>>> print(open('input03.tsv').read())   # TSV, C-alpha atoms
chain	number	residue	atom	x	y	z
A	1	MET	CA	3.41	-18.38	7.23
A	2	LYS	CA	2.56	-20.63	4.29
A	3	LEU	CA	0.43	-19.08	1.54
A	4	SER	CA	-2.91	-20.71	0.75
A	5	ASN	CA	-3.58	-22.10	-2.72
A	6	GLU	CA	-5.71	-19.01	-3.40
A	7	PHE	CA	-2.49	-16.98	-3.30
A	8	SER	CA	-0.29	-19.49	-5.11
A	9	ASN	CA	0.22	-17.12	-8.04
A	10	PHE	CA	-0.42	-13.48	-8.76
A	11	LYS	CA	-3.64	-13.79	-10.75
A	12	SER	CA	-5.34	-16.09	-8.28
A	13	GLY	CA	-4.20	-13.90	-5.40
A	14	LEU	CA	-5.53	-10.78	-7.12
A	15	GLU	CA	-8.93	-12.36	-7.72
A	16	THR	CA	-9.10	-13.70	-4.17
A	17	SER	CA	-8.22	-10.25	-2.85
A	18	ARG	CA	-10.88	-8.63	-5.04
A	19	LYS	CA	-13.55	-11.00	-3.76
A	20	LYS	CA	-12.48	-10.63	-0.14
A	21	LEU	CA	-12.52	-6.86	-0.17
A	22	LEU	CA	-15.77	-6.47	-2.09
A	23	SER	CA	-17.56	-9.13	-0.05
A	24	THR	CA	-17.07	-7.03	3.09
A	25	LEU	CA	-19.36	-4.40	1.58
A	26	LYS	CA	-22.34	-6.63	0.87
A	27	GLY	CA	-25.46	-5.32	2.53
A	28	SER	CA	-23.96	-1.90	3.17
A	29	THR	CA	-26.38	0.84	2.14
A	30	ASP	CA	-24.14	3.82	2.94
A	31	ILE	CA	-20.39	3.60	2.26
A	32	THR	CA	-17.76	6.28	2.87
A	33	PHE	CA	-14.16	6.00	1.68
A	34	ILE	CA	-11.78	7.90	3.95
A	35	ASN	CA	-8.46	9.19	2.65
A	36	GLY	CA	-5.55	10.70	4.53
A	37	PRO	CA	-2.36	12.53	3.55
A	38	GLY	CA	0.26	10.84	1.42
A	39	ASN	CA	2.94	11.17	-1.22
A	40	THR	CA	2.46	10.52	-4.92
A	41	GLY	CA	2.90	6.79	-4.42
A	42	ASP	CA	-0.11	6.85	-2.11
A	43	TYR	CA	-2.18	8.22	-4.98
A	44	LEU	CA	-1.72	4.82	-6.60
A	45	ILE	CA	-3.27	3.11	-3.56
A	46	TRP	CA	-6.29	5.41	-3.79
A	47	GLU	CA	-6.77	5.14	-7.53
A	48	GLY	CA	-6.48	1.35	-7.35
A	49	ALA	CA	-9.12	1.32	-4.62
A	50	TYR	CA	-11.44	3.52	-6.70
A	51	ASN	CA	-11.02	1.11	-9.60
A	52	LEU	CA	-11.82	-1.83	-7.33
A	53	LEU	CA	-14.94	0.01	-6.12
A	54	ARG	CA	-16.09	1.20	-9.56
A	55	ASP	CA	-19.39	-0.71	-9.29
A	56	VAL	CA	-19.97	0.32	-5.68
A	57	ASN	CA	-21.96	3.38	-4.65
A	58	TYR	CA	-19.80	5.31	-2.16
A	59	LYS	CA	-18.64	8.81	-1.27
A	60	LYS	CA	-15.15	10.08	-0.48
A	61	VAL	CA	-14.03	12.20	2.44
A	62	PHE	CA	-10.68	13.38	3.76
A	63	ARG	CA	-10.08	12.30	7.35
A	64	ASP	CA	-9.81	15.91	8.60
A	65	ASN	CA	-13.47	16.37	7.66
A	66	LEU	CA	-14.80	13.55	9.83
A	67	SER	CA	-17.07	15.87	11.79
A	68	LYS	CA	-19.20	16.24	8.67
A	69	VAL	CA	-19.82	12.53	8.05
A	70	GLU	CA	-21.32	9.46	9.67
A	71	GLY	CA	-23.14	6.39	8.41
A	72	ASP	CA	-23.21	2.66	7.98
A	73	THR	CA	-19.80	1.61	6.61
A	74	ALA	CA	-16.45	3.38	6.47
A	75	ILE	CA	-13.47	2.21	4.42
A	76	LEU	CA	-10.09	3.50	5.57
A	77	THR	CA	-7.58	3.78	2.76
A	78	GLY	CA	-4.72	1.31	2.87
A	79	GLY	CA	-1.18	2.47	3.42
A	80	GLY	CA	1.75	2.65	5.78
A	81	GLY	CA	0.34	5.03	8.35
A	82	TRP	CA	0.68	2.46	11.13
A	83	CYS	CA	4.50	2.37	11.38
A	84	SER	CA	7.17	4.20	13.35
A	85	ALA	CA	7.96	6.81	10.71
A	86	PHE	CA	4.32	7.60	9.96
A	87	HIS	CA	1.64	6.52	12.42
A	88	SER	CA	-1.12	9.08	12.33
A	89	TRP	CA	-4.01	6.66	11.70
A	90	PRO	CA	-4.27	5.20	15.24
A	91	SER	CA	-5.48	8.52	16.64
A	92	TYR	CA	-8.24	8.72	14.01
A	93	LEU	CA	-9.60	5.18	14.22
A	94	PRO	CA	-11.58	5.60	17.49
A	95	GLN	CA	-13.23	8.74	16.07
A	96	ILE	CA	-14.18	6.91	12.89
A	97	GLU	CA	-15.60	3.96	14.82
A	98	GLU	CA	-17.82	6.34	16.79
A	99	ARG	CA	-19.32	7.72	13.59
A	100	PHE	CA	-19.86	4.51	11.62
A	101	GLN	CA	-21.54	1.19	12.33
A	102	ARG	CA	-18.81	-0.78	10.55
A	103	VAL	CA	-15.21	0.09	9.70
A	104	ILE	CA	-12.96	-1.74	7.23
A	105	ILE	CA	-9.27	-0.92	7.00
A	106	PHE	CA	-8.11	-1.68	3.48
A	107	PRO	CA	-4.79	-3.54	3.03
A	108	SER	CA	-2.06	-1.84	5.03
A	109	SER	CA	1.21	-2.55	6.78
A	110	PHE	CA	1.41	-2.53	10.58
A	111	ASP	CA	4.13	-2.38	13.20
A	112	THR	CA	2.69	-3.51	16.51
A	113	SER	CA	5.97	-2.90	18.32
A	114	LEU	CA	4.60	0.63	18.55
A	115	LYS	CA	2.46	0.84	21.67
A	116	GLU	CA	-0.06	3.22	20.06
A	117	VAL	CA	-0.62	0.92	17.09
A	118	ARG	CA	-0.98	-2.22	19.18
A	119	HIS	CA	-3.29	-0.61	21.71
A	120	THR	CA	-5.55	0.96	19.08
A	121	LEU	CA	-5.96	-2.28	17.14
A	122	SER	CA	-6.53	-4.33	20.29
A	123	GLN	CA	-9.42	-2.02	21.23
A	124	SER	CA	-10.88	-1.87	17.71
A	125	LYS	CA	-13.92	-3.64	16.29
A	126	SER	CA	-12.83	-2.89	12.73
A	127	LEU	CA	-12.07	-5.52	10.10
A	128	VAL	CA	-8.37	-4.98	9.47
A	129	PHE	CA	-6.66	-6.13	6.26
A	130	ALA	CA	-2.89	-6.57	6.13
A	131	ARG	CA	-1.23	-6.26	2.72
A	132	GLU	CA	1.55	-8.70	3.55
A	133	LEU	CA	1.95	-11.64	5.88
A	134	THR	CA	4.47	-10.13	8.29
A	135	SER	CA	1.90	-7.54	9.27
A	136	TYR	CA	-0.83	-10.17	9.38
A	137	GLN	CA	1.19	-12.25	11.82
A	138	MET	CA	1.54	-9.17	14.02
A	139	ILE	CA	-2.17	-8.30	14.12
A	140	LYS	CA	-4.02	-11.61	13.77
A	141	ASP	CA	-4.26	-12.26	17.51
A	142	ILE	CA	-5.15	-8.72	18.60
A	143	CYS	CA	-7.95	-7.70	16.21
A	144	ASN	CA	-10.33	-8.98	13.54
A	145	ALA	CA	-7.71	-9.49	10.85
A	146	ASP	CA	-7.43	-10.78	7.30
A	147	TYR	CA	-5.04	-10.24	4.40
A	148	ALA	CA	-5.30	-9.18	0.76
A	149	TYR	CA	-3.22	-7.48	-1.90
A	150	ASP	CA	-2.51	-3.76	-1.69
A	151	THR	CA	-5.18	-1.90	-3.67
A	152	ALA	CA	-2.45	-0.49	-5.96
A	153	PHE	CA	-2.67	-3.84	-7.75
A	154	PHE	CA	-6.20	-2.98	-8.95
A	155	PHE	CA	-4.98	0.06	-10.90
A	156	ASP	CA	-5.08	-0.13	-14.73
A	157	TYR	CA	-1.43	0.09	-15.82
A	158	GLU	CA	-2.03	-0.66	-19.50
A	159	PRO	CA	-2.14	2.99	-20.71
A	160	PHE	CA	1.33	3.57	-19.25
A	161	MET	CA	3.06	0.50	-20.66
A	162	LYS	CA	6.07	1.24	-22.85
A	163	LYS	CA	9.61	0.07	-23.44
A	164	GLY	CA	12.04	2.09	-21.38
A	165	ASP	CA	15.77	2.63	-21.37
A	166	GLY	CA	18.39	3.11	-18.70
A	167	SER	CA	18.14	2.98	-14.92
A	168	LEU	CA	16.03	4.96	-12.50
A	169	TYR	CA	17.30	5.32	-8.92
A	170	ALA	CA	14.28	6.16	-6.78
A	171	TYR	CA	15.36	5.68	-3.18
A	172	ARG	CA	13.47	7.46	-0.42
A	173	VAL	CA	15.05	10.38	1.41
A	174	ASP	CA	12.51	10.82	4.22
A	175	ARG	CA	12.43	9.49	7.78
A	176	GLU	CA	11.46	5.98	6.67
A	177	LYS	CA	14.75	5.39	4.88
A	178	ARG	CA	17.42	3.10	6.27
A	179	ASN	CA	21.01	4.17	6.69
A	180	TYR	CA	22.06	3.12	3.20
A	181	PRO	CA	24.12	5.20	0.77
A	182	ILE	CA	22.12	6.98	-1.94
A	183	PRO	CA	23.45	7.60	-5.47
A	184	ASN	CA	24.08	11.18	-6.57
A	185	LYS	CA	21.61	10.75	-9.45
A	186	ASN	CA	18.84	9.62	-7.11
A	187	ASP	CA	15.31	10.93	-7.78
A	188	ASP	CA	12.80	10.21	-5.01
A	189	ILE	CA	9.92	10.42	-7.47
A	190	SER	CA	7.23	9.93	-4.84
A	191	VAL	CA	8.24	13.40	-3.64
A	192	SER	CA	9.51	15.08	-6.81
A	193	CYS	CA	6.57	14.06	-9.05
A	194	LYS	CA	3.45	16.06	-8.29
A	195	SER	CA	0.92	13.93	-10.17
A	196	LEU	CA	0.32	10.21	-10.53
A	197	ASN	CA	0.54	10.43	-14.33
A	198	GLN	CA	3.95	12.10	-14.12
A	199	TRP	CA	5.10	9.50	-11.60
A	200	LEU	CA	3.95	6.55	-13.74
A	201	ASN	CA	5.37	8.01	-16.95
A	202	LYS	CA	8.70	8.52	-15.22
A	203	ILE	CA	8.85	4.85	-14.22
A	204	ALA	CA	7.66	3.70	-17.64
A	205	SER	CA	10.48	5.57	-19.40
A	206	TYR	CA	13.16	3.39	-17.76
A	207	LYS	CA	14.20	-0.24	-18.16
A	208	ASP	CA	15.63	-0.95	-14.68
A	209	ILE	CA	14.35	0.47	-11.41
A	210	TYR	CA	16.30	0.67	-8.14
A	211	THR	CA	14.17	1.62	-5.13
A	212	ASP	CA	13.23	1.12	-1.49
A	213	ARG	CA	9.71	2.49	-1.95
A	214	ALA	CA	6.88	-0.03	-1.88
A	215	HIS	CA	4.73	1.57	-4.56
A	216	VAL	CA	7.60	2.33	-6.90
A	217	THR	CA	8.35	-1.39	-6.59
A	218	ILE	CA	4.73	-2.36	-7.28
A	219	ALA	CA	4.22	0.01	-10.22
A	220	SER	CA	7.58	-0.88	-11.76
A	221	ALA	CA	6.81	-4.59	-11.60
A	222	MET	CA	3.33	-4.10	-13.05
A	223	LEU	CA	4.83	-2.03	-15.88
A	224	GLY	CA	7.18	-4.88	-16.79
A	225	LYS	CA	10.42	-3.37	-15.48
A	226	GLN	CA	13.34	-5.15	-13.92
A	227	VAL	CA	13.13	-4.10	-10.28
A	228	TYR	CA	15.97	-4.07	-7.77
A	229	PHE	CA	14.62	-3.30	-4.32
A	230	ARG	CA	16.00	-2.87	-0.85
A	231	ASN	CA	14.13	-2.34	2.41
A	232	SER	CA	13.04	0.80	4.17
A	233	ASN	CA	13.32	0.91	7.97
A	234	TYR	CA	10.68	-1.76	8.58
A	235	HIS	CA	9.30	-4.92	6.96
A	236	LYS	CA	6.87	-3.38	4.44
A	237	VAL	CA	8.73	-3.69	1.12
A	238	GLN	CA	10.08	-7.20	1.65
A	239	GLY	CA	6.68	-8.31	2.90
A	240	ILE	CA	4.85	-7.02	-0.16
A	241	VAL	CA	7.40	-8.57	-2.51
A	242	ASP	CA	7.14	-11.96	-0.79
A	243	PHE	CA	3.34	-11.89	-0.69
A	244	SER	CA	2.31	-10.45	-4.05
A	245	LEU	CA	5.28	-10.04	-6.40
A	246	ARG	CA	6.76	-13.53	-6.45
A	247	ASP	CA	5.84	-13.94	-10.15
A	248	PHE	CA	7.65	-10.76	-11.22
A	249	PRO	CA	11.28	-9.83	-11.97
A	250	VAL	CA	11.85	-8.23	-8.56
A	251	ILE	CA	15.24	-8.87	-6.96
A	252	TYR	CA	16.67	-7.81	-3.62
A	253	LYS	CA	19.75	-5.68	-4.17
A	254	GLU	CA	21.17	-3.56	-1.37
A	255	HIS	CA	23.43	-1.47	-3.60
A	256	TRP	CA	22.83	-0.03	-7.03
A	257	LYS	CA	24.73	-0.87	-10.19
A	258	ASP	CA	27.39	1.67	-11.18
>>> encode(input="input03.tsv", output="structure tokens")
Amino acid sequence: MKLSNEFSNFKSGLETSRKKLLSTLKGSTDITFINGPGNTGDYLIWEGAYNLLRDVNYKKVFRDNLSKVEGDTAILTGGGGWCSAFHSWPSYLPQIEERFQRVIIFPSSFDTSLKEVRHTLSQSKSLVFARELTSYQMIKDICNADYAYDTAFFFDYEPFMKKGDGSLYAYRVDREKRNYPIPNKNDDISVSCKSLNQWLNKIASYKDIYTDRAHVTIASAMLGKQVYFRNSNYHKVQGIVDFSLRDFPVIYKEHWKD
């Protein structure tokens, strides 16, 4: 799929994404932001979304507390919870749509080869944002779909900028990994780091980053690192790189440098 001129470079794409996402909230008098579980990399999605929404009046709720909330507009956090390794969101969406007049799914990745994902989206009235074009192509004919940058791009990285040294190997070790070898000195920081500050400072302290995690890739690029990425077990990482990181030093590399 060819990118529109609005996404011809990173800055224009970021501004277009900002306008798209915020425009969906115009006229909403009661807005609820719904989070789910996630690793430390997911914290970056949430904090970026909060920064995007800093001038919007909204409340936050965890999805397990849905029985306590209802209202006009619900925002579902973006993420990867619509794929084979992690696909818990489809079971929650019908409940959320029963409790809110409008539902907006912030930029996420989708794998519609999964029957549960495809069926849920095909029955949904939500506005669904993909965060890369592979997912958009999958969902555009089965639901009300659009695309925009992952909300991690709206995070303020400036306080964490610094010159680093050496190489960080941050390959995932969970069920979304592909059957690639992993270096002995690997540190899956999205699991080992318990706070977003620790996670960002870890990335910032290195010069080169090797990873197959989408948000390690995003944060590393935004912090000015040389990024060598490879894919997890579906299209997410490559899709995000192609859609939103074309202007950054991000290179596909299946194996790490010894």
>>> closest_residue(input="input03.tsv", among="A:Ser12, A:Ser17, A:Thr24, A:Thr217", to="Ile240 (chain A)", atoms="all atoms listed in the file")
A:Thr217
>>> closest_residue(input="input03.tsv", among="A:Leu21, A:Leu3, A:Ala130, A:Leu66", to="Ile34 (chain A)", atoms="only C-alpha atoms")
A:Leu66
>>> closest_residue(input="input03.tsv", among="A:Met161, A:Val250, A:Val227, A:Cys193", to="Asn39 (chain A)", atoms="only C-alpha atoms")
A:Cys193
>>> atom_distance(input="input03.tsv", atom1="CA of Asn51 (chain A)", atom2="CA of Gly13 (chain A)")
17.0 Å
>>> closest_residue(input="input03.tsv", among="A:Pro37, A:Val117, A:Asp208, A:Phe154", to="Leu53 (chain A)", atoms="all atoms listed in the file")
A:Phe154
>>> atom_distance(input="input03.tsv", atom1="CA of Val173 (chain A)", atom2="CA of Pro107 (chain A)")
24.3 Å
>>> closest_residue(input="input03.tsv", among="A:Leu114, A:Ala214, A:Ala148, A:Val56", to="Lys236 (chain A)", atoms="all atoms listed in the file")
A:Ala214
>>> residues_around(input="input03.tsv", residues="Ser205 (chain A)", least_positions_apart="3", cutoff="9 Å", atoms="all atoms listed in the file", output="MDAnalysis selection string")
chainID A and resid 162:166 168 200:202
